[in-house]
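Worksheet: one structure, shown below.
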Amino acid sequence: MSPRTATKSRSRASVLEDRPMSPLATSANGTSADRIGVRKTYKLYIGGAFPRTESGRSYEIFDSRGMLLANACRGTRKDIRDAVRAARKAFPDWWKKTAYNRSQILYRIAELMEGRRDQFITEVQAAQGVGRRRAMREVDAAIDRWVWYAGWADKFSQMVGSVNPVNGSYFNFTVPEPTGVVGVIAPEESSLLGLVSRLAPVIVSGNAAIVVASESRPLPAVTLTEVLATSDVPGGVVNLVTGLRREVVPALAAHMDVNALDAFGVAPSEAAAVEESGVENVKRVVRPPAAGLERYDWFSARAQSPYLIGQYTETKTVWHPIGA
Amino acid sequence: MTLTKKSETPPATASWGLAAGKHVPWEYASAPESTDHVQIRPEYGLFIGNEFVAAKPKRTFEVINPATEEVLARVARASTADVDRAVKAARLGYSQTWSKLAGSERAKYLYRIARIIQERSREFAVVETLNSGKPIKESRDVDVPLAAAHFFYYAGWADKLEYAFPNRTPRSLGVAAQIIPWNFPLMMLAWKIAPALAAGNTVVLKPASTTPLTAYLFADVVRQAELPPGVVNIITGPGEIGMDLVKHPDVNKVAFTGSTAVGKMIARAVAGSEKKLTLELGGKAANIVFDDAPIDQAIEGIINGIYFNQGEVCCAGSRLFVQESVYEPLLDKLKARLSTLRVGDPLDKNTDVGAINSAGQLAKIQELVASGIAEGAEIFQPDCRLPDRGFFFVPTLFTGVSQSHRIAQEEIFGPVLSVLTFRTPDEAIEKANNTPYGLSAGVWTEKGSRIFKMAAAMRAGVIWANTFNRFDPTSPFGGYKESGYGREGGLHGLAAYLRLDA
């Protein structure tokens with residue numbers, strides 16, 4: 001059972017009358033009774049801009065109590081194609097930045113998230129129906145995760161690269177390079193920490209990403225893109241599409257210009273289909289854990305690893321003769 | 001170097017040399033390698049649990065020498081039930097002995113194998129050449145020594161796994177299903193079996209159905225080395241038997257080297273399972289020659305790049321990109337060099353280009369060459385007499401090739417070179433990367449900084465600078481894009497056979 005159907009069935013009756021009651025629809029800082037709150041429109045994030053979906057459609061996002069939080073864009077195959085094009089365009093420049101530069105940019109993401117910490121806590125709380133302390137813990141861990149991966153940008157290749165003592169007069173070395181354009185299917189439950197845990201290792205090495213947000217809890221992801229847009233992450237390096245997974249995931253998984261797919265957030269029951277549709281262009285697919293993500297601990301040390309960075313890199317070996 | 005002067009077209013003979021500045025045709029005396037110390041049995045059974053056993057039901061198929069079309073032996077044709085039998089033997093070998101053995105003991109078995117291959121190297125080289133059609137000088141100097149070197153290299157890893165991947169606890173996967181191609185039968189076997197065994201797995205290997213003989217010879221080595229039963233199992237049969245092996249529920253790891261089309265079928269078959277998969281698939285490598293390249297060296301590199309092993313090499317330099325300013329002199333030299341290649345009896349120590357591995361492969365090469373002519377490219381073939389029997393193809397090059405021609409897009413897997421041109425480095429990069437493949441690339445230039453710019457810009461897994469087609473067990477090999485994923489060789493090749501949880 002997907003979380004979306006659960007929340008939706010509980011909320012059907014209350015859609016209109018409950019609208020102003022959600023914490024996100026009004027200002028979290030407290031709105032006086034005589035002021036009408038200004039709501040945020042949650043949009044897609046493609047190529048550094050915030051377009052609406054080309055479908056012109058949206059779907060309703062509810063909190064755990066069934067209150068309407070907002071309308072989210074119901075993205076389409078066309079939005080996925082636009083996002084892939086933006087990612088492909090952004091990839092070479094992002095990769096060609098120095099590792100030191102990428103490191104600072106990832107650190108910058110953490111800095112700006114820290115500044116919006118309260119907003120993220122409120123959104124995670126609303127999205128996941130958790131208490132404020134738990135939401136705080138998730139947001140802090142997400143911020144720290146950016147810091148952790150920022151530090152890997154200029155260390156990772158020393159860890160996985162090598163100079164190979166070949167049997168002959170050659171200088172032979174091996175370096176990791178980003179795979180290219182990577183699709184990330186965000187975990188459904190962990191709306192922010194789960195997403196950051198999967199996205200950071202993809203982009204730190206120089207890949208460009210297309211993220212399909214959690215279907216039932218997409219709002220923290222959209223707010224994260226607002227941070228990315230102002231963190232010196234070049235437009236197109238991260239693109240976000242919200243919508244119904246059954247509509248957008250197949251398009252992303254089968255897209256011939258997507259080189260790798262993080263399917264960690266896919267339900268195990270859907271993993272085979274997603275992996276299969278990636279075969280036509282020999283996508284590198286990272287599978288979900290066999291046991292699913294329900295009991296997965298996003299706070300554990302296992303949820304962050306330089307080996308995850310490696311899953312979205314290619315290994316290049318160069319042979320160079322040695323001679324006078 | 002006088003590159004501007006157009007050199008003479010070589011005389012139309014199979015061989016020619018230089019004497020007093022003039023081309024003088026001369027012939028090589030034949031120098032065939034002796035086969036009398038090699039014993040090929042009339043029939044080989046499947047190798048399961050250290051025994052040669054008949055297939056059930058008992059069926060066999062012929063294995064021929066592609067240079068003579070003579071039958072070399074008959075080998076067992078495995079059934080689906082035999083696949084199961086082999087996997088069960090491998091599982092038993094894994095659970096009863098191999099997974100319990102200390103790494104240091106596994107290492108000693110692998111060292112033994114390396115030593116026995118060295119001791120029996122001539123036998124392996126002759127059988128490899130008889131069965132595959134590759135020139136004896138290649139099997140003797142490349143395939144067999146590299147096979148031994150792979151075992152020797154990975155032997156040393158078996159008891160050092162905990163040093164290989166920091167902060168991980170490496171564990172073996174279990175039973176590995178390995179499917180290998182016919183172009184480097186023994187070498188591919190070594191690339192597959194050595195890291196698998198070092199990491200603590202047991203294997204079921206399926207060699208290509210046209211080239212099983214060195215694999216079965218290797219089975220003898222396994223027995224001589226006294227490996228525990230079930231650690232190495234070898235089965236033969238058609239492609240569907242390979243798919244049965246891939247799909248077997250008790251297989252934990254699948255490693256495949258072969259065509260991209262079959263690789264995709266395998267990837268679909270394992271989708272949704274927990275089987276770890278590595279694929280080493282096709283290629284259409286760019287070999288890029290800049291105007292400042294050492295031309296004579298580059299000519300040798302181009303020749304080695306595409307005519308080595310009759311061009312039946314996944315990383316062959318099949319697309320030559322020449323900077324326009326040196327196009328004509330380079331092409332003249334290349335054609336002259338092409339005309340000196342000795343095509344014929346693979347057992348002859350003088351032979352440069354041997355037999356194509358099978359009638360089917362020869363037909364595929366012929367079809368693609370015909371398409372090159374039909375699409376308007378200009379063909380050049382030296383005048384060269386081919387043997388009356390066997391599957392041979394004249395080393396060929398095409399000029400006037402455009403990016404959209406099939407001979408510039410599809411993997412030919414034969415001695416056929418497509419020559420294209422470029423003006424600027426950026427144009428070379430753009431054209432070289434314009435392929436779904438990404439296995440290898442070559443760059444020829446005297447300028448060091450340009451080498452590294454080009455090496456970084458090529459979307460390919462192996463870059464050869466001022467050399468081509470070099471391999472080494474310490475050096476990771478494998479592709480980008482539709483050339484597959486995972487690496488063979490080095491530390492990276494070890495990772496493909498380990499579970500690396502925290």
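A note on labels: chains of the structure tokens are A, B, ... as shown, every chain counts residues from 1, and ligands are counted from 1 in their shown order.
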Practice item. Using DSSP on the backbone coordinates, identify the residues of stretch 64-299 of chain B assigned to alpha helix (DSSP H); present them as a PyMOL selection string. Key: chain B and resi 80-96+103-119+121-132+136-138+144-157+161-164+185-198+213-224+239-247+260-270+295-299
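Counting only C-alpha atoms and comparing A:Pro165, A:Gly236, A:Gly180, A:Gly323, the residue that lies closest to chain B is A:Pro165.
Residue nearest chain A, chosen from B:Ile373, B:Ala54, B:Ala269, B:Leu92 and counting only C-alpha atoms: B:Ala269.
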Practice item. With a cut-off of 6 Å and counting only C-alpha atoms, select all residues of chain A in contact with chain B and give the selection as a PyMOL selection string. Key: chain A and resi 164+166+271-272+275-276+279+281-282+316-320
Point to revise | Distance query B:Ala55 at most 8 Å, only C-alpha atoms, self and fewer than 2 positions along chain excluded, as a PyMOL selection string | key: chain B and resi 45-46+53+57-60+76-79+82
Review point. Just asking: which residues within stretch 280-312 of chain B are strand (DSSP E) according to DSSP, as a count of residues only?
Key: 5
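The closest residue to B:Glu240, picked from B:Glu162, B:Lys206, B:Ile429, B:Ser34 and counting only C-alpha atoms, is B:Lys206.
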Point to revise | Selection: 7 Å around stretch 101-113 of chain A, only C-alpha atoms, excl. self and same-chain fewer than 6 positions, as a VMD selection string | key: chain A and resid 143 146 to 147 150 to 151 153 to 154 204 227 to 228 231 to 233
Just to be explicit: take each residue in the selection above, keep C-alpha atoms, and write the result as a PDB file, in the first residue's frame.
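What ended up in again-v7.pdb:
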ATOM      1  CA  ILE A 143      22.189  19.261   6.378  1.00  0.00           C
ATOM      2  CA  TRP A 146      25.650  17.645   2.528  1.00  0.00           C
ATOM      3  CA  VAL A 147      28.615  18.679   4.644  1.00  0.00           C
ATOM      4  CA  ALA A 150      31.042  18.066   0.310  1.00  0.00           C
ATOM      5  CA  GLY A 151      34.223  16.818   1.913  1.00  0.00           C
ATOM      6  CA  ALA A 153      34.444  15.792  -3.602  1.00  0.00           C
ATOM      7  CA  ASP A 154      38.218  16.159  -3.597  1.00  0.00           C
ATOM      8  CA  VAL A 204      29.305  15.230  -5.826  1.00  0.00           C
ATOM      9  CA  VAL A 227      17.944  26.109  -1.850  1.00  0.00           C
ATOM     10  CA  LEU A 228      19.805  24.527  -4.770  1.00  0.00           C
ATOM     11  CA  SER A 231      23.595  27.709  -3.734  1.00  0.00           C
ATOM     12  CA  ASP A 232      25.751  28.160  -6.830  1.00  0.00           C
ATOM     13  CA  VAL A 233      24.657  24.733  -8.083  1.00  0.00           C
TER      14      VAL A 233
END
Point to revise | Interatomic distance (Å, one decimal) between atom CA of B:Pro249 and atom CA of B:Phe52 | key: 24.2 Å
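Taking only C-alpha atoms, the non-local environment of B:Arg85 within 8 Å (same-chain residues fewer than 4 positions away omitted) comprises Ile48, Ala81 and Ala89 of chain B.
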Review point. Which residues, written as a PyMOL selection string, have at least one atom at most 7 Å from stretch 127-133 of chain B, with only C-alpha atoms counted and residues fewer than 5 positions away on the same chain left out?
Key: chain B and resi 64-67+139+182+211+213-214+346-347+354-357
